[in-house]
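Text of data27.cif, listed as mmCIF, C-alpha atoms and all ligand atoms:
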```cif
data_query
loop_
_atom_site.label_atom_id
_atom_site.label_comp_id
_atom_site.auth_asym_id
_atom_site.auth_seq_id
_atom_site.Cartn_x
_atom_site.Cartn_y
_atom_site.Cartn_z
CA MET A 1 2.21 10.17 -25.54
CA SER A 2 4.64 11.38 -22.90
CA PRO A 3 3.23 10.80 -19.39
CA ILE A 4 2.00 13.94 -17.65
CA TYR A 5 3.27 14.50 -14.12
CA TRP A 6 1.95 16.85 -11.47
CA TYR A 7 5.05 18.44 -9.96
CA ASP A 8 5.43 21.62 -7.89
CA ASN A 9 1.81 22.54 -8.62
CA GLN A 10 2.05 22.22 -12.39
CA PHE A 11 1.08 19.60 -14.95
CA LEU A 12 4.24 18.84 -16.95
CA PRO A 13 5.42 16.20 -19.43
CA ALA A 14 7.75 13.71 -17.68
CA GLU A 15 10.87 15.05 -19.41
CA ALA A 16 10.18 18.58 -18.16
CA VAL A 17 10.20 17.54 -14.46
CA ARG A 18 13.38 18.73 -12.73
CA VAL A 19 13.96 17.39 -9.22
CA SER A 20 16.41 19.30 -7.06
CA PRO A 21 19.29 17.26 -5.56
CA GLN A 22 18.54 19.22 -2.38
CA ASP A 23 15.05 17.82 -2.02
CA ARG A 24 14.85 16.26 1.44
CA GLY A 25 13.03 13.30 -0.05
CA TYR A 26 16.19 12.55 -1.99
CA TYR A 27 18.70 12.42 0.84
CA PHE A 28 16.61 11.80 3.98
CA GLY A 29 13.57 9.96 2.58
CA ASP A 30 11.84 12.85 4.36
CA GLY A 31 8.33 12.60 2.99
CA VAL A 32 5.10 10.64 2.77
CA TYR A 33 3.26 9.00 -0.11
CA GLU A 34 0.12 7.27 -1.30
CA VAL A 35 -0.68 4.82 -4.08
CA TYR A 36 -4.24 4.93 -5.41
CA ARG A 37 -5.99 2.49 -7.71
CA VAL A 38 -7.75 3.69 -10.83
CA TYR A 39 -10.63 1.47 -11.98
CA GLY A 40 -12.68 2.39 -15.03
CA GLY A 41 -10.92 5.76 -15.21
CA ARG A 42 -11.92 6.68 -11.63
CA LEU A 43 -9.87 6.92 -8.44
CA PHE A 44 -10.77 4.27 -5.85
CA GLU A 45 -11.47 5.07 -2.17
CA THR A 46 -10.08 8.62 -2.20
CA GLY A 47 -11.49 9.36 1.25
CA LEU A 48 -9.58 6.52 2.93
CA HIS A 49 -6.39 7.51 1.11
CA TYR A 50 -6.67 11.15 2.18
CA GLU A 51 -7.37 10.16 5.78
CA ARG A 52 -4.22 8.01 5.82
CA LEU A 53 -2.14 10.65 4.05
CA ALA A 54 -3.21 13.28 6.59
CA ARG A 55 -2.29 10.87 9.43
CA SER A 56 1.10 10.08 7.91
CA ALA A 57 1.84 13.77 7.35
CA ALA A 58 0.82 14.72 10.88
CA GLY A 59 2.90 11.82 12.22
CA VAL A 60 6.06 13.21 10.59
CA LYS A 61 5.09 16.86 11.24
CA LEU A 62 4.75 17.76 7.59
CA ALA A 63 2.06 20.31 6.62
CA LEU A 64 0.19 19.13 3.54
CA PRO A 65 0.19 21.85 0.86
CA PHE A 66 -3.45 21.13 -0.13
CA GLY A 67 -6.80 20.09 1.30
CA GLU A 68 -8.82 16.98 0.48
CA ALA A 69 -11.03 18.49 -2.25
CA GLU A 70 -8.13 20.28 -3.93
CA LEU A 71 -6.06 17.11 -4.02
CA GLU A 72 -8.92 15.07 -5.40
CA GLY A 73 -9.40 17.65 -8.17
CA VAL A 74 -5.72 17.54 -9.12
CA LEU A 75 -5.48 13.74 -9.13
CA THR A 76 -8.71 13.39 -11.10
CA GLU A 77 -7.30 15.75 -13.70
CA LEU A 78 -4.03 13.78 -13.74
CA VAL A 79 -5.92 10.56 -14.50
CA LEU A 80 -7.89 12.28 -17.28
CA ARG A 81 -4.83 13.94 -18.82
CA ASN A 82 -3.02 10.59 -18.93
CA GLU A 83 -6.13 8.82 -20.25
CA VAL A 84 -5.65 5.98 -17.79
CA ARG A 85 -8.58 3.56 -17.34
CA GLU A 86 -7.00 0.82 -15.21
CA GLY A 87 -3.90 1.83 -13.33
CA THR A 88 -2.39 3.53 -10.33
CA VAL A 89 -1.60 7.04 -9.16
CA TYR A 90 1.57 7.57 -7.16
CA LEU A 91 1.63 10.71 -4.99
CA GLN A 92 4.45 11.86 -2.74
CA ILE A 93 5.04 14.95 -0.68
CA THR A 94 8.50 15.73 0.65
CA ARG A 95 9.48 18.34 3.22
CA GLY A 96 10.90 20.39 0.37
CA VAL A 97 14.21 21.72 -0.94
CA ALA A 98 16.87 22.94 1.50
CA PRO A 99 20.62 22.52 2.20
CA ARG A 100 21.26 19.21 3.94
CA ASN A 101 20.65 19.49 7.67
CA HIS A 102 18.69 17.07 9.84
CA LEU A 103 16.72 19.90 11.42
CA PHE A 104 13.54 20.96 9.64
CA PRO A 105 14.29 23.87 7.28
CA ALA A 106 12.74 27.14 8.43
CA ASP A 107 11.43 28.21 5.05
CA ALA A 108 11.20 25.18 2.74
CA GLN A 109 7.87 24.52 1.02
CA PRO A 110 6.58 20.93 0.90
CA MET A 111 7.05 19.56 -2.62
CA ALA A 112 4.30 17.39 -4.12
CA MET A 113 4.66 15.10 -7.11
CA ALA A 114 2.22 12.67 -8.70
CA TYR A 115 2.05 10.51 -11.77
CA CYS A 116 -0.43 8.04 -13.18
CA ASN A 117 0.31 4.75 -14.99
CA GLU A 118 -1.65 2.00 -16.71
CA VAL A 119 -1.32 -1.03 -14.41
CA ALA A 120 -3.34 -4.15 -15.12
CA ARG A 121 -5.00 -6.08 -12.30
CA PRO A 122 -2.67 -9.00 -11.42
CA VAL A 123 -5.12 -11.62 -12.65
CA THR A 124 -2.59 -14.45 -12.96
CA THR A 125 -1.34 -14.31 -9.37
CA MET A 126 -4.85 -13.54 -8.06
CA GLU A 127 -5.95 -16.79 -9.69
CA ALA A 128 -2.97 -19.04 -8.84
CA GLY A 129 -1.75 -17.47 -5.58
CA ILE A 130 1.83 -16.74 -4.53
CA LYS A 131 4.57 -18.50 -2.62
CA THR A 132 5.97 -16.55 0.31
CA ILE A 133 8.85 -16.63 2.76
CA THR A 134 8.99 -15.27 6.32
CA LEU A 135 11.55 -12.71 7.42
CA GLU A 136 12.16 -10.76 10.62
CA ASP A 137 10.43 -7.36 10.48
CA THR A 138 13.39 -4.98 10.90
CA ARG A 139 11.44 -1.75 10.38
CA TRP A 140 10.97 1.13 12.81
CA LEU A 141 7.99 1.41 15.17
CA HIS A 142 5.87 3.67 12.97
CA CYS A 143 4.93 1.39 10.11
CA ASP A 144 1.51 3.11 10.25
CA TYR A 145 3.05 6.20 8.62
CA LYS A 146 3.38 5.72 4.87
CA THR A 147 6.79 7.34 4.53
CA LEU A 148 9.36 7.24 1.75
CA ASN A 149 11.71 5.19 3.96
CA LEU A 150 11.15 1.80 2.36
CA LEU A 151 14.62 0.27 2.43
CA ALA A 152 13.66 -2.55 4.81
CA ASN A 153 10.65 -3.32 2.58
CA VAL A 154 12.83 -3.21 -0.54
CA LEU A 155 15.36 -5.63 0.97
CA ALA A 156 12.61 -8.02 2.09
CA LYS A 157 10.92 -8.07 -1.31
CA GLN A 158 14.26 -8.54 -3.06
CA GLU A 159 15.16 -11.48 -0.81
CA ALA A 160 11.77 -13.05 -1.52
CA ALA A 161 12.34 -12.75 -5.26
CA GLU A 162 15.86 -14.15 -5.01
CA ARG A 163 14.44 -17.16 -3.14
CA GLY A 164 11.77 -17.75 -5.77
CA ALA A 165 8.86 -16.30 -3.76
CA GLY A 166 6.31 -13.63 -4.63
CA ASP A 167 6.52 -11.80 -1.31
CA ALA A 168 8.08 -11.78 2.15
CA ILE A 169 5.85 -12.05 5.20
CA LEU A 170 7.29 -10.03 8.07
CA ARG A 171 7.28 -11.17 11.69
CA ARG A 172 8.23 -9.45 14.93
CA GLY A 173 9.39 -12.45 16.93
CA ASP A 174 6.50 -14.91 16.53
CA ILE A 175 3.89 -12.34 15.49
CA VAL A 176 3.05 -11.85 11.82
CA THR A 177 2.75 -8.13 11.08
CA GLU A 178 2.27 -7.71 7.31
CA SER A 179 4.20 -8.33 4.09
CA SER A 180 6.80 -6.21 2.34
CA ALA A 181 4.10 -4.29 0.45
CA SER A 182 0.71 -5.57 1.57
CA ASN A 183 -1.34 -6.68 4.58
CA VAL A 184 -1.67 -10.35 5.54
CA MET A 185 -4.86 -12.18 6.52
CA ILE A 186 -5.43 -15.80 7.46
CA VAL A 187 -8.60 -17.87 7.57
CA LYS A 188 -9.19 -20.44 10.32
CA ASP A 189 -12.50 -22.29 10.73
CA GLY A 190 -14.22 -19.77 8.46
CA ARG A 191 -13.00 -16.73 10.40
CA ILE A 192 -10.58 -14.13 9.02
CA LEU A 193 -7.77 -12.95 11.30
CA THR A 194 -5.51 -9.98 10.65
CA HIS A 195 -3.09 -7.87 12.67
CA PRO A 196 -4.76 -4.89 14.40
CA ALA A 197 -4.30 -1.49 12.76
CA ASN A 198 -1.75 -0.15 15.25
CA ASN A 199 1.77 1.30 14.86
CA LEU A 200 3.26 -2.00 13.62
CA ILE A 201 1.49 -2.15 10.26
CA LEU A 202 0.37 0.11 7.47
CA HIS A 203 -3.36 0.65 7.72
CA GLY A 204 -4.06 -0.64 4.23
CA VAL A 205 -6.95 0.79 2.27
CA THR A 206 -7.49 -2.66 0.72
CA ARG A 207 -7.36 -4.17 4.22
CA ALA A 208 -10.16 -1.84 5.34
CA VAL A 209 -12.19 -2.52 2.18
CA SER A 210 -11.65 -6.29 2.56
CA LEU A 211 -12.81 -6.27 6.20
CA ARG A 212 -15.88 -4.23 5.20
CA LEU A 213 -16.67 -6.66 2.37
CA ALA A 214 -16.09 -9.70 4.59
CA ARG A 215 -18.56 -8.40 7.16
CA ALA A 216 -21.10 -7.64 4.43
CA GLU A 217 -20.67 -11.24 3.26
CA ASP A 218 -21.26 -12.54 6.80
CA ILE A 219 -17.69 -13.79 7.03
CA ARG A 220 -16.47 -13.27 10.59
CA ALA A 221 -13.33 -11.14 10.78
CA GLU A 222 -11.21 -10.41 13.82
CA GLU A 223 -8.36 -7.93 14.16
CA ARG A 224 -5.89 -9.57 16.52
CA PRO A 225 -2.21 -10.52 16.31
CA PHE A 226 -1.53 -14.08 15.13
CA THR A 227 1.65 -16.12 15.18
CA VAL A 228 3.74 -17.71 12.45
CA ASP A 229 2.50 -21.10 13.72
CA GLU A 230 -1.11 -19.94 13.27
CA LEU A 231 -0.24 -18.85 9.75
CA LEU A 232 1.27 -22.24 8.96
CA ALA A 233 -1.77 -24.01 10.43
CA ALA A 234 -4.28 -21.73 8.68
CA ASP A 235 -6.91 -23.08 6.28
CA GLU A 236 -6.23 -20.18 3.91
CA ALA A 237 -4.08 -17.06 3.77
CA PHE A 238 -3.97 -14.05 1.48
CA VAL A 239 -2.47 -10.60 1.09
CA THR A 240 -4.36 -7.38 0.43
CA GLY A 241 -3.01 -4.26 -1.25
CA THR A 242 -3.77 -1.59 -3.81
CA THR A 243 -1.91 -3.32 -6.62
CA VAL A 244 -2.35 -6.96 -5.51
CA GLU A 245 -6.03 -6.58 -4.44
CA VAL A 246 -6.78 -9.93 -2.74
CA THR A 247 -4.03 -12.40 -3.68
CA PRO A 248 -3.97 -15.91 -2.21
CA ILE A 249 -0.88 -17.21 -0.39
CA VAL A 250 -0.39 -20.85 -1.31
CA SER A 251 2.80 -21.56 0.63
CA VAL A 252 4.99 -20.14 3.38
CA ASP A 253 8.66 -21.13 3.63
CA GLY A 254 7.98 -24.07 1.31
CA ARG A 255 5.05 -25.39 3.37
CA PRO A 256 1.58 -25.43 1.77
CA ILE A 257 -1.19 -23.38 3.38
CA GLY A 258 -4.34 -25.48 3.70
CA SER A 259 -4.69 -27.59 0.56
CA GLY A 260 -1.94 -25.57 -1.16
CA GLU A 261 -4.62 -24.02 -3.40
CA PRO A 262 -6.52 -20.75 -2.97
CA GLY A 263 -9.39 -21.43 -0.55
CA PRO A 264 -13.14 -20.74 -0.66
CA VAL A 265 -13.19 -17.73 1.70
CA THR A 266 -10.42 -16.07 -0.31
CA ARG A 267 -12.38 -16.73 -3.49
CA ARG A 268 -15.56 -15.25 -2.01
CA LEU A 269 -13.70 -12.13 -0.97
CA GLN A 270 -12.11 -11.81 -4.42
CA ARG A 271 -15.57 -12.00 -6.01
CA ALA A 272 -16.95 -9.42 -3.56
CA PHE A 273 -14.00 -7.16 -4.35
CA ALA A 274 -14.56 -7.51 -8.09
CA ARG A 275 -18.21 -6.50 -7.61
CA ALA A 276 -17.13 -3.54 -5.45
CA ILE A 277 -14.98 -2.20 -8.29
CA GLY A 278 -17.79 -2.58 -10.76
CA LEU A 279 -16.82 -5.89 -12.38
CA GLU A 280 -19.24 -8.76 -12.71
CA SER A 281 -18.07 -11.87 -10.94
N1 LIG A 301 1.56 -2.77 3.94
C1 LIG A 301 2.61 -2.20 3.33
C2 LIG A 301 3.95 -2.26 3.97
C3 LIG A 301 2.43 -1.55 2.09
O1 LIG A 301 3.47 -0.97 1.47
C4 LIG A 301 1.12 -1.53 1.52
C5 LIG A 301 0.88 -0.87 0.23
O2 LIG A 301 1.73 -0.29 -0.37
C6 LIG A 301 0.09 -2.16 2.19
C7 LIG A 301 0.33 -2.76 3.42
C8 LIG A 301 -1.31 -2.18 1.62
O3 LIG A 301 -1.90 -0.92 1.69
P1 LIG A 301 -2.99 -0.50 0.62
O4 LIG A 301 -4.08 -1.52 0.67
O5 LIG A 301 -3.46 0.83 1.09
O6 LIG A 301 -2.32 -0.47 -0.70
#
```

Take the structure in this file and express it as C-alpha cells.
Ligand code: PLP
Amino acid sequence: MSPIYWYDNQFLPAEAVRVSPQDRGYYFGDGVYEVYRVYGGRLFETGLHYERLARSAAGVKLALPFGEAELEGVLTELVLRNEVREGTVYLQITRGVAPRNHLFPADAQPMAMAYCNEVARPVTTMEAGIKTITLEDTRWLHCDYKTLNLLANVLAKQEAAERGAGDAILRRGDIVTESSASNVMIVKDGRILTHPANNLILHGVTRAVSLRLARAEDIRAEERPFTVDELLAADEAFVTGTTVEVTPIVSVDGRPIGSGEPGPVTRRLQRAFARAIGLES
C-alpha cells in the first residue's frame, strides 16, 4: 500500500504529493515540526506535542493553520488510513510558498505536511545501551523551538556515527545541554539530573514524561545544568526521545559510565515507561 500523506489539507498517496521549489521550508528551513509516537495505533501525548508546537510556531512568528482539536483529528485519521500500530507521525508546517526573499511574504499561507510510518521500538539499543561522543554545541540560542534548521544536529549525529558511536552529546563549554536528537539525563547517588528546560535545549516530550514517571516512582529528579565531568563521574546516564524512549548511555568518549552497563535507575524508568505505554514489564 502506498503511504498516505496529509499535504496542503488533503490526504494523498505519497506519489501525488507535489512540493513547490518555492516553499520557504525548502530554501530557508523556515518552518517548525513535531514527531509523535504511535503506540497500539494511538498517538502518544498529543497535548504536550501541541503545546510545544504552538510555542515553536509563536517563537518563529508563524500562525498555525489549525487548532489543537482539528490537528488531532487529522493526525488520528492519518494513523488510521496508514494502518500503523507502532510507529511515528512526522508533521511540519512551513511559512508557505513565495518567491525567495528573507522578509515574511505578505500573502503566503502556511503549508502543513504529515506522514505516518511503522517504526519499531529500538529494543536492542534500549537493552544494551549506546556509546556516545561529546561535541561542542554549535547551535543557535533557541534550541527550544523545534524548527526545520537541523544542520548542526545532522553534522553532530553523522560525526558520532563515523566515530562508531550511537549519538553525540552536545556541550556548551563545560555544560552538557542535550544530544543531537534527544535529551540527556544522568544519575548520581540515586538522583536524576537533567538540563533545565530553557532556551538551550528542546523541551522533550519524553523528557517531561520521564521526569513525571521518575517522581511517581519516588526517584528524585532535579533540573539543573551539569558538567561534562559530572557526566563522566555519573553512576548512570541515558537519553530520552520519541524514537529512542529511554536508552542507556554506556560510554562517553570511550570512557565507561558507571559499571559500563545500563544501571538500575535507568532500568526502573524503562519499566515505568513500558507500563505507561500499555506494555507489561
Ligand atoms: N532534543 C533534540 C535536539 C531533539 O531533536 C529531540 C527529538 O527529536 C529531543 C531532544 C527529544 O524530544 P522528544 O522527547 O519530544 O522526542

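Rounded to one decimal, atom CA of A:Phe238 and atom CA of A:Thr266 lie 7.0 Å from each other.
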
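What separates atom CA of A:Asp218 from atom CA of A:Glu261 is a distance of 22.6 Å.
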
Of A:His49, A:Arg207, A:Lys61, A:Arg163, the one sitting nearest A:Phe104 when using all atoms listed in the file is A:Lys61

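Within 9 Å of stretch 11-16 of chain A, once all atoms listed in the file are used and residues closer than 3 positions along the same chain are dropped, the contacting residues are Ser2, Pro3, Ile4, Tyr5, Trp6, Tyr7, Asp8, Leu78 and Tyr115 of chain A.
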
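Residues of protein or nucleic acid lying within 6 Å of ligand LIG 301 (chain A), counting all atoms listed in the file, are A:Ser180, A:Ala181, A:Ser182, A:Asn183, A:Leu202, A:Gly204, A:Val205, A:Thr206, A:Arg207, A:Thr240, A:Gly241, A:Thr242.
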
Tell me, counting all atoms listed in the file, for each residue of stretch 7-34 of chain A within 10 Å of stretch 85-93 of chain A, which pair of atoms is nearest and how far apart they are in Å to one decimal, in rows ordered by chain and increasing number, as CSV.
```
residue,atom,partner,partner_atom,distance
A:Tyr7,CA,A:Gln92,CA,9.8
A:Asp8,CA,A:Ile93,CA,9.8
A:Gly25,CA,A:Ile93,CA,8.2
A:Asp30,CA,A:Ile93,CA,8.7
A:Gly31,CA,A:Ile93,CA,5.5
A:Val32,CA,A:Ile93,CA,5.5
A:Tyr33,CA,A:Gln92,CA,4.1
A:Glu34,CA,A:Leu91,CA,5.3
```

Dump of C-alpha atoms for the selected residues, as a compact mmCIF listing (two decimals), keeping the file's coordinate frame:
```
# COMPACT_ATOMS: atom_id res chain seq x y z
CA TYR A 7 5.05 18.44 -9.96
CA ASP A 8 5.43 21.62 -7.89
CA GLY A 25 13.03 13.30 -0.05
CA ASP A 30 11.84 12.85 4.36
CA GLY A 31 8.33 12.60 2.99
CA VAL A 32 5.10 10.64 2.77
CA TYR A 33 3.26 9.00 -0.11
CA GLU A 34 0.12 7.27 -1.30
```

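In this model, the gap between atom CA of A:Ala63 and atom CA of A:Asn198 comes to 22.5 Å.
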
Surrounding residues of A:Gly278 excluding itself and chain neighbours under 6 positions, 12 Å, all atoms listed in the file, as an NGL selection string:
:A and (38-42 or 44 or 271-272)

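Among the candidates A:Thr124, A:Thr46, A:Thr147, A:Thr177, the one nearest to A:Ala58 when counting all atoms listed in the file is A:Thr147.
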
For a cut-off of 12 Å around (-0.5, -20.6, -7.9), file coordinates, pick out all residues using only C-alpha atoms and list them as a ChimeraX atom specification.
/A:123-132,165-166,238,247-251,256-257,259-263

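Remark: for A:Leu53, the closest of the candidate residues A:Arg268, A:Arg95, A:Lys146, A:Arg215 is A:Lys146 (distances computed over all atoms listed in the file).
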
Residue rebuild result stretch 110-144 of chain A, N, CA and C atoms as a compact mmCIF listing (two decimals), in the coordinates of the input:
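So the final result, stored in part-v7.txt, reads:
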```txt
# COMPACT_ATOMS: atom_id res chain seq x y z
N PRO A 110 6.77 22.34 1.28
CA PRO A 110 6.58 20.93 0.90
C PRO A 110 6.44 20.81 -0.62
N MET A 111 7.01 19.75 -1.16
CA MET A 111 7.05 19.56 -2.62
C MET A 111 6.21 18.32 -2.96
N ALA A 112 5.18 18.51 -3.75
CA ALA A 112 4.30 17.39 -4.12
C ALA A 112 4.56 16.96 -5.55
N MET A 113 4.47 15.66 -5.77
CA MET A 113 4.66 15.10 -7.11
C MET A 113 3.69 13.94 -7.27
N ALA A 114 3.10 13.82 -8.45
CA ALA A 114 2.22 12.67 -8.70
C ALA A 114 2.31 12.28 -10.16
N TYR A 115 2.17 10.99 -10.40
CA TYR A 115 2.05 10.51 -11.77
C TYR A 115 1.04 9.37 -11.81
N CYS A 116 0.62 9.04 -13.01
CA CYS A 116 -0.43 8.04 -13.18
C CYS A 116 -0.02 7.08 -14.30
N ASN A 117 -0.11 5.79 -14.03
CA ASN A 117 0.31 4.75 -14.99
C ASN A 117 -0.81 3.78 -15.27
N GLU A 118 -0.81 3.18 -16.46
CA GLU A 118 -1.65 2.00 -16.71
C GLU A 118 -1.03 0.83 -15.94
N VAL A 119 -1.78 0.18 -15.10
CA VAL A 119 -1.32 -1.03 -14.41
C VAL A 119 -2.49 -2.02 -14.40
N ALA A 120 -2.26 -3.16 -15.03
CA ALA A 120 -3.34 -4.15 -15.12
C ALA A 120 -3.55 -4.82 -13.76
N ARG A 121 -4.76 -5.27 -13.51
CA ARG A 121 -5.00 -6.08 -12.30
C ARG A 121 -4.18 -7.37 -12.43
N PRO A 122 -3.56 -7.82 -11.33
CA PRO A 122 -2.67 -9.00 -11.42
C PRO A 122 -3.46 -10.31 -11.47
N VAL A 123 -4.16 -10.51 -12.57
CA VAL A 123 -5.12 -11.62 -12.65
C VAL A 123 -4.45 -12.99 -12.51
N THR A 124 -3.24 -13.13 -13.02
CA THR A 124 -2.59 -14.45 -12.96
C THR A 124 -2.29 -14.85 -11.52
N THR A 125 -1.67 -13.94 -10.76
CA THR A 125 -1.34 -14.31 -9.37
C THR A 125 -2.60 -14.32 -8.49
N MET A 126 -3.60 -13.49 -8.83
CA MET A 126 -4.85 -13.54 -8.06
C MET A 126 -5.51 -14.90 -8.24
N GLU A 127 -5.33 -15.48 -9.41
CA GLU A 127 -5.95 -16.79 -9.69
C GLU A 127 -5.13 -17.92 -9.03
N ALA A 128 -3.81 -17.90 -9.26
CA ALA A 128 -2.97 -19.04 -8.84
C ALA A 128 -2.44 -18.91 -7.42
N GLY A 129 -2.35 -17.69 -6.90
CA GLY A 129 -1.75 -17.47 -5.58
C GLY A 129 -0.25 -17.32 -5.68
N ILE A 130 0.37 -16.95 -4.56
CA ILE A 130 1.83 -16.74 -4.53
C ILE A 130 2.47 -17.57 -3.42
N LYS A 131 3.74 -17.89 -3.67
CA LYS A 131 4.57 -18.50 -2.62
C LYS A 131 5.17 -17.36 -1.81
N THR A 132 5.38 -17.59 -0.53
CA THR A 132 5.97 -16.55 0.31
C THR A 132 7.08 -17.13 1.20
N ILE A 133 7.88 -16.24 1.73
CA ILE A 133 8.85 -16.63 2.76
C ILE A 133 8.59 -15.75 3.99
N THR A 134 9.09 -16.15 5.16
CA THR A 134 8.99 -15.27 6.32
C THR A 134 10.35 -14.65 6.61
N LEU A 135 10.32 -13.42 7.05
CA LEU A 135 11.55 -12.71 7.42
C LEU A 135 11.28 -11.88 8.68
N GLU A 136 12.31 -11.63 9.45
CA GLU A 136 12.16 -10.76 10.62
C GLU A 136 11.81 -9.35 10.14
N ASP A 137 10.85 -8.73 10.81
CA ASP A 137 10.43 -7.36 10.48
C ASP A 137 11.43 -6.41 11.15
N THR A 138 12.30 -5.81 10.33
CA THR A 138 13.39 -4.98 10.90
C THR A 138 13.05 -3.50 10.84
N ARG A 139 11.78 -3.16 10.56
CA ARG A 139 11.44 -1.75 10.38
C ARG A 139 11.30 -1.01 11.70
N TRP A 140 11.14 0.30 11.61
CA TRP A 140 10.97 1.13 12.81
C TRP A 140 9.58 0.91 13.40
N LEU A 141 9.25 1.67 14.45
CA LEU A 141 7.99 1.41 15.17
C LEU A 141 6.86 2.33 14.73
N HIS A 142 7.00 2.91 13.53
CA HIS A 142 5.87 3.67 12.97
C HIS A 142 5.57 3.24 11.55
N CYS A 143 5.28 1.94 11.43
CA CYS A 143 4.93 1.39 10.11
C CYS A 143 3.54 1.87 9.69
N ASP A 144 2.83 2.55 10.60
CA ASP A 144 1.51 3.11 10.25
C ASP A 144 1.65 4.41 9.46
```
